[in-house]
Each structure stands twice: as structure tokens, then as C-alpha cells.
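upload_14.cif (mmCIF, C-alpha atoms and all ligand atoms)
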```
data_my_file
#
loop_
_atom_site.label_atom_id
_atom_site.label_comp_id
_atom_site.auth_asym_id
_atom_site.auth_seq_id
_atom_site.Cartn_x
_atom_site.Cartn_y
_atom_site.Cartn_z
CA MET V 1 5.33 -36.72 39.69
CA ALA V 2 7.38 -36.65 36.47
CA CYS V 3 6.13 -33.12 35.75
CA ASP V 4 7.69 -31.88 39.03
CA LEU V 5 10.99 -33.13 37.71
CA GLU V 6 10.55 -31.27 34.41
CA ALA V 7 10.28 -27.97 36.33
CA ALA V 8 13.65 -28.81 37.89
CA ARG V 9 15.46 -29.44 34.60
CA ILE V 10 18.71 -27.51 34.05
CA THR V 11 17.77 -26.46 30.56
CA SER V 12 21.14 -25.01 29.55
CA LEU V 13 22.78 -28.45 29.80
CA PRO V 14 22.89 -30.66 26.71
CA SER V 15 21.63 -33.71 28.55
CA ASP V 16 19.60 -34.71 31.56
CA ALA V 17 20.26 -32.85 34.80
CA PHE V 18 17.74 -31.70 37.39
CA TYR V 19 18.21 -29.42 40.39
CA ILE V 20 15.86 -29.10 43.38
CA SER V 21 17.15 -26.41 45.74
CA ASP V 22 15.03 -27.27 48.77
CA PHE V 23 15.14 -31.07 48.84
CA VAL V 24 15.73 -31.63 52.57
CA SER V 25 14.69 -29.31 55.41
CA GLU V 26 17.15 -27.60 57.78
CA ASP V 27 16.24 -30.08 60.53
CA GLU V 28 16.76 -33.04 58.20
CA GLU V 29 20.11 -31.58 57.12
CA THR V 30 21.26 -31.29 60.76
CA TRP V 31 20.09 -34.84 61.47
CA LEU V 32 21.77 -36.30 58.36
CA LEU V 33 25.06 -34.54 59.17
CA GLN V 34 24.87 -35.88 62.69
CA LYS V 35 24.36 -39.42 61.32
CA VAL V 36 27.38 -39.02 59.01
CA SER V 37 29.59 -37.76 61.83
CA SER V 38 28.44 -40.44 64.28
CA ALA V 39 29.44 -43.31 61.98
CA PRO V 40 32.30 -45.33 63.51
CA LEU V 41 35.70 -43.89 62.52
CA PRO V 42 36.75 -46.99 60.50
CA ARG V 43 33.83 -46.19 58.19
CA TRP V 44 35.86 -43.32 56.77
CA THR V 45 38.32 -43.84 53.95
CA HIS V 46 40.84 -40.99 54.01
CA LEU V 47 41.81 -39.89 50.53
CA SER V 48 44.33 -37.16 49.82
CA HIS V 49 41.72 -34.51 49.05
CA ARG V 50 38.52 -35.62 50.77
CA ARG V 51 37.21 -38.38 53.01
CA LEU V 52 34.62 -40.94 52.07
CA GLN V 53 32.10 -43.40 53.55
CA THR V 54 30.76 -46.23 51.39
CA TRP V 55 27.34 -47.69 52.21
CA PRO V 56 26.40 -50.49 52.63
CA SER V 57 29.93 -51.63 51.61
CA SER V 58 32.64 -51.26 48.97
CA LEU V 59 32.18 -53.06 45.67
CA THR V 60 34.22 -56.18 44.95
CA LYS V 61 37.00 -56.13 42.33
CA SER V 62 34.45 -57.19 39.76
CA ASN V 63 32.24 -54.19 40.63
CA THR V 64 29.73 -56.37 42.45
CA LEU V 65 27.75 -55.27 45.48
CA LEU V 66 27.18 -57.90 48.16
CA ALA V 67 23.44 -57.56 48.76
CA SER V 68 22.69 -55.71 51.95
CA PRO V 69 20.17 -52.98 52.77
CA LEU V 70 21.20 -49.35 53.12
CA PRO V 71 21.06 -48.09 56.72
CA SER V 72 17.66 -46.59 57.52
CA TRP V 73 19.05 -43.04 57.93
CA LEU V 74 20.11 -43.08 54.25
CA VAL V 75 16.70 -44.41 53.19
CA SER V 76 14.23 -42.19 55.03
CA PRO V 77 13.43 -39.48 54.09
CA VAL V 78 15.74 -39.25 51.04
CA THR V 79 14.88 -42.35 49.01
CA GLU V 80 11.53 -43.03 50.69
CA PRO V 81 9.50 -41.08 50.09
CA ARG V 82 11.30 -38.29 48.20
CA LEU V 83 13.29 -39.99 45.38
CA LYS V 84 10.51 -42.55 45.02
CA GLU V 85 7.96 -39.76 44.49
CA LEU V 86 10.15 -38.24 41.79
CA GLY V 87 10.25 -41.66 40.09
CA ILE V 88 13.81 -41.13 38.90
CA PHE V 89 15.04 -44.65 39.70
CA ASN V 90 11.96 -46.33 38.19
CA ASP V 91 13.88 -47.42 35.08
CA ALA V 92 17.02 -48.47 36.97
CA PRO V 93 17.54 -52.26 37.23
CA HIS V 94 16.73 -52.40 40.95
CA GLY V 95 14.14 -49.62 40.87
CA ALA V 96 15.85 -47.79 43.75
CA PRO V 97 19.35 -46.82 44.81
CA ASN V 98 21.32 -49.60 46.50
CA HIS V 99 24.62 -47.77 47.12
CA VAL V 100 25.59 -44.43 48.66
CA LEU V 101 28.97 -42.70 48.75
CA VAL V 102 29.26 -40.00 51.39
CA ASN V 103 31.96 -37.44 50.52
CA GLU V 104 33.23 -34.75 52.86
CA TYR V 105 35.26 -31.80 51.53
CA ASN V 106 36.97 -29.27 53.76
CA PRO V 107 37.90 -25.88 52.26
CA GLY V 108 40.69 -26.44 49.73
CA GLN V 109 39.62 -30.01 49.02
CA GLY V 110 37.93 -31.41 45.91
CA ILE V 111 37.79 -34.30 43.48
CA MET V 112 39.63 -34.39 40.17
CA PRO V 113 37.64 -34.67 36.94
CA HIS V 114 36.45 -38.26 36.58
CA GLU V 115 33.57 -40.41 35.46
CA ASP V 116 31.68 -42.76 37.75
CA GLY V 117 32.02 -45.66 35.34
CA ALA V 118 30.25 -48.81 34.28
CA ALA V 119 29.61 -50.30 37.73
CA TYR V 120 26.49 -48.15 38.08
CA TYR V 121 23.31 -47.48 36.18
CA PRO V 122 23.96 -44.07 34.57
CA LEU V 123 22.12 -41.96 37.13
CA VAL V 124 23.41 -40.20 40.25
CA ALA V 125 21.27 -38.37 42.80
CA THR V 126 23.38 -36.07 45.01
CA VAL V 127 22.15 -34.50 48.23
CA SER V 128 24.37 -31.60 49.37
CA LEU V 129 24.72 -30.78 53.07
CA GLY V 130 26.45 -28.15 55.17
CA ALA V 131 27.66 -25.64 52.59
CA PRO V 132 27.48 -24.87 48.87
CA ILE V 133 30.01 -26.14 46.34
CA VAL V 134 30.47 -25.85 42.58
CA LEU V 135 30.50 -29.02 40.46
CA ASP V 136 32.48 -28.65 37.23
CA ILE V 137 31.45 -30.58 34.11
CA TYR V 138 33.93 -31.38 31.33
CA LYS V 139 33.33 -32.89 27.92
CA LYS V 140 35.29 -36.15 27.62
CA ASN V 141 38.25 -36.10 25.24
CA SER V 142 39.80 -39.07 23.43
CA GLN V 143 42.20 -39.85 26.30
CA ASP V 144 39.26 -39.96 28.72
CA ALA V 145 37.46 -42.28 26.32
CA ASN V 146 40.48 -44.64 26.42
CA ASP V 147 40.22 -44.73 30.21
CA GLU V 148 36.59 -45.79 30.01
CA GLY V 149 35.49 -48.93 31.79
CA LYS V 150 38.09 -48.89 34.56
CA ALA V 151 36.63 -50.23 37.78
CA GLY V 152 34.89 -47.60 39.89
CA GLY V 153 35.29 -44.85 37.33
CA SER V 154 38.48 -43.22 36.22
CA ALA V 155 40.39 -40.02 36.67
CA SER V 156 41.42 -37.97 33.69
CA ASN V 157 45.13 -37.76 32.96
CA MET V 158 47.38 -35.04 34.34
CA ALA V 159 47.64 -33.26 31.00
CA ASP V 160 44.05 -32.25 31.63
CA HIS V 161 44.90 -30.49 34.84
CA ASN V 162 44.32 -27.00 33.46
CA ARG V 163 41.30 -27.90 31.43
CA LYS V 164 38.40 -25.47 31.77
CA PRO V 165 34.99 -26.82 32.68
CA GLN V 166 32.33 -26.61 30.01
CA TYR V 167 29.55 -26.17 32.56
CA ARG V 168 29.37 -25.31 36.26
CA ILE V 169 26.57 -26.31 38.64
CA LEU V 170 26.23 -24.56 42.01
CA GLN V 171 24.95 -27.05 44.58
CA GLU V 172 23.39 -25.27 47.55
CA ARG V 173 23.18 -26.96 50.93
CA ARG V 174 19.92 -28.97 51.21
CA SER V 175 19.70 -29.38 47.42
CA LEU V 176 19.32 -32.42 45.19
CA LEU V 177 21.19 -32.71 41.90
CA ILE V 178 20.31 -35.49 39.48
CA THR V 179 22.62 -36.25 36.56
CA ARG V 180 21.92 -39.07 34.15
CA ALA V 181 22.20 -40.52 30.65
CA ASP V 182 24.68 -38.70 28.32
CA LEU V 183 25.72 -36.34 31.10
CA TYR V 184 26.80 -39.44 33.04
CA THR V 185 28.44 -41.30 30.14
CA ASP V 186 29.92 -38.56 27.90
CA TYR V 187 31.16 -36.02 30.44
CA LEU V 188 33.53 -35.89 33.41
CA HIS V 189 32.75 -34.12 36.67
CA GLY V 190 34.98 -32.70 39.36
CA ILE V 191 35.23 -30.22 42.22
CA ALA V 192 38.09 -27.69 42.27
CA GLU V 193 40.55 -27.79 45.17
CA THR V 194 40.00 -24.22 46.26
CA THR V 195 39.04 -22.22 49.33
CA LYS V 196 36.82 -19.92 47.27
CA ASP V 197 34.38 -20.58 44.42
CA GLU V 198 34.58 -17.57 42.09
CA ASP V 199 33.15 -16.14 38.89
CA LEU V 200 29.59 -16.97 39.89
CA THR V 201 27.09 -15.26 37.60
CA ALA V 202 23.90 -16.06 35.73
CA ASP V 203 26.11 -16.68 32.67
CA THR V 204 28.64 -18.99 34.30
CA ILE V 205 26.42 -21.06 36.60
CA CYS V 206 24.05 -23.16 34.54
CA ASN V 207 21.44 -23.68 37.31
CA TRP V 208 21.43 -19.98 38.37
CA ASP V 209 17.68 -19.59 37.75
CA LEU V 210 16.93 -22.64 39.93
CA LEU V 211 18.89 -21.46 43.00
CA ARG V 212 17.01 -21.08 46.28
CA GLU V 213 19.01 -17.97 47.20
CA LYS V 214 21.05 -15.78 44.86
CA ASN V 215 21.97 -13.06 47.34
CA PRO V 216 24.90 -14.90 48.97
CA TYR V 217 26.55 -15.04 45.53
CA ARG V 218 25.88 -11.45 44.37
CA ALA V 219 29.55 -10.56 44.94
CA GLY V 220 30.39 -13.36 42.51
CA TRP V 221 32.24 -15.56 45.02
CA TYR V 222 31.94 -17.28 48.38
CA GLN V 223 34.30 -18.85 50.87
CA ARG V 224 34.21 -22.66 51.00
CA GLU V 225 33.09 -24.34 54.21
CA THR V 226 32.89 -28.06 54.94
CA ARG V 227 30.46 -29.61 52.48
CA THR V 228 29.15 -33.17 52.62
CA SER V 229 27.46 -35.02 49.76
CA LEU V 230 25.33 -38.15 49.76
CA THR V 231 25.53 -39.68 46.27
CA TYR V 232 22.83 -42.28 45.58
CA ARG V 233 23.34 -44.84 42.80
CA ASP V 234 22.18 -48.24 41.57
CA VAL V 235 25.01 -50.81 41.31
CA LEU V 236 24.22 -53.05 38.34
CA LYS V 237 25.74 -56.32 39.66
CA VAL V 238 24.42 -57.50 43.00
CA ALA V 239 25.33 -60.85 44.59
CA LYS V 240 22.93 -62.40 47.04
CA MET V 241 24.59 -63.47 50.29
CA GLY V 242 24.14 -67.15 49.44
CA ASN V 243 26.41 -66.67 46.42
CA SER V 244 28.76 -64.22 48.01
CA LEU V 245 31.49 -66.57 49.26
CA LYS V 246 32.88 -67.05 45.80
CA PHE V 247 33.09 -63.24 45.39
CA LEU V 248 34.84 -62.87 48.72
CA GLY V 249 37.17 -65.68 47.74
CA GLY V 250 38.09 -63.79 44.59
CA ARG V 251 39.17 -60.61 46.34
O1 LIG X 301 30.55 -34.69 46.04
C1 LIG X 301 30.06 -34.64 44.93
O2 LIG X 301 29.12 -33.89 44.64
C2 LIG X 301 30.64 -35.47 43.82
C3 LIG X 301 31.20 -36.77 44.29
C4 LIG X 301 31.59 -37.67 43.16
O3 LIG X 301 31.74 -37.27 42.06
C5 LIG X 301 31.77 -39.12 43.43
O4 LIG X 301 31.72 -39.54 44.59
O5 LIG X 301 31.95 -39.85 42.45
FE FE X 302 31.74 -38.90 40.65
#
```
Since I need it in another form, could you write the structure as C-alpha cells?
Ligand SMILES: O=C(O)CCC(=O)C(=O)O
Ligand SMILES: [Fe+2]
Amino acid sequence: MACDLEAARITSLPSDAFYISDFVSEDEETWLLQKVSSAPLPRWTHLSHRRLQTWPSSLTKSNTLLASPLPSWLVSPVTEPRLKELGIFNDAPHGAPNHVLVNEYNPGQGIMPHEDGAAYYPLVATVSLGAPIVLDIYKKNSQDANDEGKAGGSASNMADHNRKPQYRILQERRSLLITRADLYTDYLHGIAETTKDEDLTADTICNWDLLREKNPYRAGWYQRETRTSLTYRDVLKVAKMGNSLKFLGGR
């Protein structure tokens, strides 16, 4: 199936990124959104500019995952069979994702430029649900490099607030975006806190040719609606339950 992935490569990016516009069906999207919204309320962590669910659990201070399976609704159909067929996690230490962050952004919300950090194998598979959103990619500068290695990734400093993205990826609802390798380690990513994504053209959106539908963006902008992402990753350090007490004790 590796050749399928090659057809999905975002060729204008300097490193590995793949975009599949039609990764889950409309019915699957509705079902997944229903699963996200039916999670018990304490599952949500409310951050200032988005809310977040962490499955199966948050990492410990030492970036360790206490071994536990993902809930079945996050496994089927996304990881099995779809991600498995693409083979993208074959080289990851656990051969499959073991951790999922679910992010929900209302219009006007976003996530500041950051890197996902050393806790994970450098590969993220993002399923977008509900509405499109633009992901901005920034080349790391020396200050960002100094921040490297902070637990759970790091935010860039405030001086970078007006920095312009080097690349922009439009993530349609029902799509899959895979970013890995240098794009994971040498770049930051973020989502603007805006109610409108603008300046959308074949020249400014690097996956324009891979979009499922271009018509909604012909005017060059669209109004944000609530967008949910499922971000699949492989946490490098996993503690089996038998060993987990000492990790819990260290919290
Ligand atoms: O929602 C997204 O597409 C990006 C989320 C993200 O960057 C993260 O959770 O680290
Ligand atoms: Fe991230």
C-alpha cells in the first residue's frame, strides 16, 4: 500500500507530509463526532483556546504512557484497517498508534505555534472532523531550538507572535494529514485564532491539488465552524501496569 501513500504526498513541502481528502465517510464522521461528544465531561481538559481529550490517558511527568488500549471507537475504522493498510506506523516502535489527542476548536480558537516534542515517535496522523481548518507550518528559529525537549512539546516565545507561516495546509473535514520526520522535528505547527481562514489559493495552500473540493474556497476564504481533530501518535516510553506504581508514585 506504500504506493497509495506516494500519490498523497504534498510535494511542495520540503519533508514528509501526506494528505488524503476522503479518509473517513460522512457516516463515520457523524459517528466519530458523536463518540467524542458522548465522552464523560471530566474527559475534557479546558484550555484557553480549545478543549482537549487525551486517550487512553495523560502521560506521566517523565513522558511515559501507562499501558492501556485505546477505546475501540478510536481504533476501528481509523487505525484498523485504514492506517494499518497505509503502513505508516510500521517503523514506529510499537508498530501502531498508542495515544490520541482529540482537539476541538470553535470559531476564533486555535493553537499557538509549537512542536509536539520528544515524547512521541516523529509521526502524527490527524483525522479532521466537522469543518475545515488551516494548519500553519513555521520553520524553527534558534529560540525554538532552545525550547526543544520540553515535556509534551513546547510553545514558541511571544516574540514570534507575528511570525508568518512558511507553509499552509488546508485540512478538509473527513481528511487525513500525516506529518513526519523533518517536518515533525524541524518545524512548528499552529492554527490561527480566527473566525475566517483567508488568502486561500493554489499558491498559498500547499495541498491545493489534493483537495476533495475546491469550490467552497473559490472566494479565497471561508467562515470557521467547530472543527475536531483526532491526532494519532506513538508514545515512545510505555510502562506496563505491573511496573506502573513507581511511575504513579513519582507524579
Ligand atoms: O488540531 C490539529 O490539527 C493540531 C493539534 C496539535 O497540534 C496538537 O494537538 O499537538
Ligand atoms: Fe501539535
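Those residues that approach range 82-94 of chain V to within 10 Å, counting all atoms listed in the file, are Met1, Ala2, Cys3, Asp4, Leu5, Phe23, Val24, Val75, Ser76, Tyr120, Tyr121, Pro122, Leu123, Val124, Ala125, Leu176, Ile178, Arg180, Tyr232, Arg233, Asp234, Val235, Leu236, Lys237 and Val238 of chain V; same-chain residues fewer than 6 positions away are not listed.
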Write to file, as a JSON list (two decimals), keeping the file's coordinate frame, the residues of the selection just made, with C-alpha atoms.
```json
[["chain", "number", "residue", "atom", "x", "y", "z"],
["V", 1, "MET", "CA", 5.33, -36.72, 39.69],
["V", 2, "ALA", "CA", 7.38, -36.65, 36.47],
["V", 3, "CYS", "CA", 6.13, -33.12, 35.75],
["V", 4, "ASP", "CA", 7.69, -31.88, 39.03],
["V", 5, "LEU", "CA", 10.99, -33.13, 37.71],
["V", 23, "PHE", "CA", 15.14, -31.07, 48.84],
["V", 24, "VAL", "CA", 15.73, -31.63, 52.57],
["V", 75, "VAL", "CA", 16.70, -44.41, 53.19],
["V", 76, "SER", "CA", 14.23, -42.19, 55.03],
["V", 120, "TYR", "CA", 26.49, -48.15, 38.08],
["V", 121, "TYR", "CA", 23.31, -47.48, 36.18],
["V", 122, "PRO", "CA", 23.96, -44.07, 34.57],
["V", 123, "LEU", "CA", 22.12, -41.96, 37.13],
["V", 124, "VAL", "CA", 23.41, -40.20, 40.25],
["V", 125, "ALA", "CA", 21.27, -38.37, 42.80],
["V", 176, "LEU", "CA", 19.32, -32.42, 45.19],
["V", 178, "ILE", "CA", 20.31, -35.49, 39.48],
["V", 180, "ARG", "CA", 21.92, -39.07, 34.15],
["V", 232, "TYR", "CA", 22.83, -42.28, 45.58],
["V", 233, "ARG", "CA", 23.34, -44.84, 42.80],
["V", 234, "ASP", "CA", 22.18, -48.24, 41.57],
["V", 235, "VAL", "CA", 25.01, -50.81, 41.31],
["V", 236, "LEU", "CA", 24.22, -53.05, 38.34],
["V", 237, "LYS", "CA", 25.74, -56.32, 39.66],
["V", 238, "VAL", "CA", 24.42, -57.50, 43.00]]
```
**Q.** Near-Ile137 in chain V list (12 Å; all atoms listed in the file; drop same-chain fewer than 5 positions) as a PyMOL selection string
**A.** chain V and resi 13-15+17+111-115+163-170+179+183-192+204-206
**OP:** Do a neighbour search on range 228-231 of chain V at 9 Å with all atoms listed in the file, toss out local chain neighbours closer than 5 positions, and write the hits as a PyMOL selection string.
**Re:** chain V and resi 33+36+74+99-106+124-131+173
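For Thr45 in chain V, the set of protein, DNA and RNA residues having any atom at most 10 Å away, when counting all atoms listed in the file and skipping those fewer than 5 positions along the same chain, is Arg50, Arg51, Leu52, Gln53, Thr54 and Asn103 of chain V.
Here CA of Gly110 in chain V stands at a distance of 29.5 Å from CA of Ala7 in chain V.
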